[in-house]
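K.L.:
Below is a structure I'd like to ask you about.
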Amino acid sequence: MHRDRLKKHGRQYVQLLAAVLYNCNITGFATGKIYKGKLKGLCAPGLNCYSCPGAVASCPLGSLQSGLLMSKYKIPYYVLGTLLLFGLLFGRLICGFLCPFGLLQDLLDKLPFPKIKKSRITRILSYLKYLILIVFVIVIPLVHMVPGFCKYICPAGTLEGGIPLTAADGKLRGLIGFLFGWKVFILCLILLLCMFCYRAFCRFLCPLGALYSFFNPVSFFGIRVDENKCTHCDACVKNCKMDIKKVCDRECIHCGECMAHCPTAAISYQPGGRFSDRP
């Protein structure tokens, strides 16, 4: 029984461990001070705000925007190389296992609210995150010299950084203006939507997930489909809460839910190899 429980909740345990490791500077929450040690020069795989008082590493998305801001003087080889490494190793498995904001979305989905089922509309909306990646993560930093996604949208930054820091520092509370109110509104809207729609931010808005999605077909770790066992019944696609068209496509976060519904046990976690070539 213990083994079955561990298997069932294993992904949540990994998500929780990742969130704790990303934010293990516990004293920062009490003092309202951001950790600026040597580890902050490294990027964590998942979306985790640099300004979170507990954060001991940088956010890859924030680092990418900062690098683009400075690209006039120096190409951000380290950030680009780190994202390339994470992508080639894990793809969107990072979204399913190593993202603290992904864990929060999974917990919100457990709340007993009516759920919006995936459809043609949600599949179309899933392309929105690529537009956000292009406009807010790439174009705005390059053209307007502003970290567009971090400044105007990022709900993780507001939840992990903005709210804790203003709560701990009276001087910061005195500087609260329209932009902070806008970010809190966006955060509340996204959290509310996630109660009714599975991983709404991850599916429709997250540019980091969009970036990692390009590596899904070639990433080393992830789910594989054994074509010799597959009967093409599509039980995996029908029971997946993400907007996938086939297992391991760009929308797949390698959560493993499909394995429980495969009648022939054709799906498993395997390193290396190739993903399914099914049309």
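The chains in the structure tokens are called A, B, ... from first to last as shown; in each chain the residues are counted from 1, and the ligands are counted from 1 in the order shown.
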Find the residues near Ala167 in chain A: any atom within 12 Å, counting only C-alpha atoms, skip ones fewer than 5 places away on the same chain, and give them as a ChimeraX atom specification.

P.N.:
/A:29-33,53,158-162,172-174,176

K.L.:
Contacts of Ile94 in chain A at 8 Å or less, counting only C-alpha atoms, minus same-chain residues fewer than 6 places along, as a list in words?

P.N.:
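Once the adjacent positions are removed, what remains is Pro45, Gly46 and Ile253 of chain A.
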
K.L.:
How would the residues just picked look written out with N, CA and C atoms as a tab-separated table (two decimals), in the first residue's frame?

P.N.:
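Written out: again07.tsv:
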```tsv
chain	number	residue	atom	x	y	z
A	45	PRO	N	15.87	25.34	-12.98
A	45	PRO	CA	15.18	24.93	-14.21
A	45	PRO	C	13.80	25.54	-14.38
A	46	GLY	N	13.03	25.64	-13.27
A	46	GLY	CA	11.65	26.08	-13.36
A	46	GLY	C	11.45	27.56	-13.10
A	253	ILE	N	3.65	17.55	-20.68
A	253	ILE	CA	4.53	17.92	-19.57
A	253	ILE	C	5.07	16.67	-18.87
```

K.L.:
When distances are computed from only C-alpha atoms, which of A:Cys202, A:Leu68, A:Cys24, A:Cys150 shows the smallest separation from Leu104 in chain A?

P.N.:
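When distances to Leu104 in chain A are compared using only C-alpha atoms, the smallest one comes from A:Cys202.
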
K.L.:
How many Å lie between CA of Val247 in chain A and CA of Ala210 in chain A, rounded to one decimal?

P.N.:
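Computing it gives 16.6 Å between the two atoms.
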
K.L.:
Write out as a PyMOL selection string all residues of range 43-219 of chain A that DSSP puts in alpha helix (DSSP H) for this structure's backbone.

P.N.:
chain A and resi 60-69+77-90+93-97+100-109+120-125+128-132+140-144+148-152+155-157+163-168+170-173+178-196+200+207-213

K.L.:
Hey, what's within 10 Å of Lys238 in chain A if we count only C-alpha atoms and toss same-chain stuff fewer than 6 positions away? As a PDB file with N, CA and C atoms, in the first residue's frame, please?

P.N.:
```
ATOM      1  N   LYS A 118     -10.971  20.362 -21.902  1.00  0.00           N
ATOM      2  CA  LYS A 118     -10.181  20.794 -23.059  1.00  0.00           C
ATOM      3  C   LYS A 118     -10.998  20.622 -24.330  1.00  0.00           C
ATOM      4  N   ILE A 244      -2.711  18.082 -25.655  1.00  0.00           N
ATOM      5  CA  ILE A 244      -1.842  17.312 -26.538  1.00  0.00           C
ATOM      6  C   ILE A 244      -2.633  16.730 -27.705  1.00  0.00           C
ATOM      7  N   LYS A 245      -1.935  16.497 -28.798  1.00  0.00           N
ATOM      8  CA  LYS A 245      -2.500  15.769 -29.927  1.00  0.00           C
ATOM      9  C   LYS A 245      -1.953  14.354 -29.967  1.00  0.00           C
ATOM     10  N   LYS A 246      -0.795  14.169 -29.349  1.00  0.00           N
ATOM     11  CA  LYS A 246      -0.216  12.845 -29.158  1.00  0.00           C
ATOM     12  C   LYS A 246       0.738  12.924 -27.972  1.00  0.00           C
ATOM     13  N   CYS A 258      -0.977   9.573 -18.542  1.00  0.00           N
ATOM     14  CA  CYS A 258      -1.348   8.705 -19.661  1.00  0.00           C
ATOM     15  C   CYS A 258      -1.015   7.246 -19.390  1.00  0.00           C
ATOM     16  N   HIS A 261      -3.762   5.064 -18.037  1.00  0.00           N
ATOM     17  CA  HIS A 261      -4.908   4.797 -18.907  1.00  0.00           C
ATOM     18  C   HIS A 261      -4.539   3.970 -20.137  1.00  0.00           C
TER      19      HIS A 261
END
```

K.L.:
Within 9 Å of Thr231 in chain A, counting only C-alpha atoms, which residues qualify if same-chain residues fewer than 5 places away don't, as a list in words?

P.N.:
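Everything that qualifies: Pro263, Thr264 and Ala266 of chain A.
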
K.L.:
Using only C-alpha atoms, which of A:Gln105, A:Asn48, A:Gln65, A:Gln12 sits nearest Cys194 in chain A?

P.N.:
A:Gln105

K.L.:
So, with only C-alpha atoms as the atoms that count, which of A:Tyr73, A:Phe204, A:Gln270, A:Phe90 lies closest to Ile121 in chain A?

P.N.:
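Answer, going by the shortest atom-to-atom distance: A:Phe204.
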
K.L.:
Near Leu208 in chain A, counting only C-alpha atoms, which residues have an atom at most 9 Å away, once you skip same-chain residues fewer than 4 positions from it, shown as a VMD selection string?

P.N.:
chain A and resid 46 to 47 60 to 61 95 129 133 202 212 to 213

K.L.:
Measuring atom to atom with only C-alpha atoms, identify which of A:Ser58, A:Ser51, A:Asn23, A:Ser219 is nearest to Asp249 in chain A.

P.N.:
A:Ser219

K.L.:
Just checking: using only C-alpha atoms, which residue out of A:His254, A:Pro207, A:Gly91, A:Leu85 ends up closest to Val135 in chain A?

P.N.:
A:Pro207

K.L.:
Tell me which of A:Gly157, A:Gly177, A:Gly41, A:Gly222 sits closest to Thr82 in chain A, counting only C-alpha atoms.

P.N.:
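Among the listed residues, the smallest separation from Thr82 in chain A belongs to A:Gly41.
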
K.L.:
Between CA of Cys252 in chain A and CA of Ile140 in chain A, what distance in Å does the model show, to one decimal?

P.N.:
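Calculated distance between CA of Cys252 in chain A and CA of Ile140 in chain A is 28.0 Å.
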
K.L.:
As JSON, numbers by chain, please: every residue in range 47-269 of chain A that a backbone DSSP assignment puts in strand (DSSP E or B).

P.N.:
{"A": [58, 223, 224, 225, 267, 268, 269]}

K.L.:
Expressed in Å to a single decimal, how great is the separation between CA of Cys49 in chain A and CA of Gly62 in chain A?

P.N.:
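Pair CA of Cys49 in chain A / CA of Gly62 in chain A returns 7.6 Å.
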
K.L.:
If you count only C-alpha atoms, which residues fall within 10 Å of Leu89 in chain A, apart from same-chain ones fewer than 6 positions away, as a ChimeraX atom specification?

P.N.:
/A:83,215-216,218-222,271-272
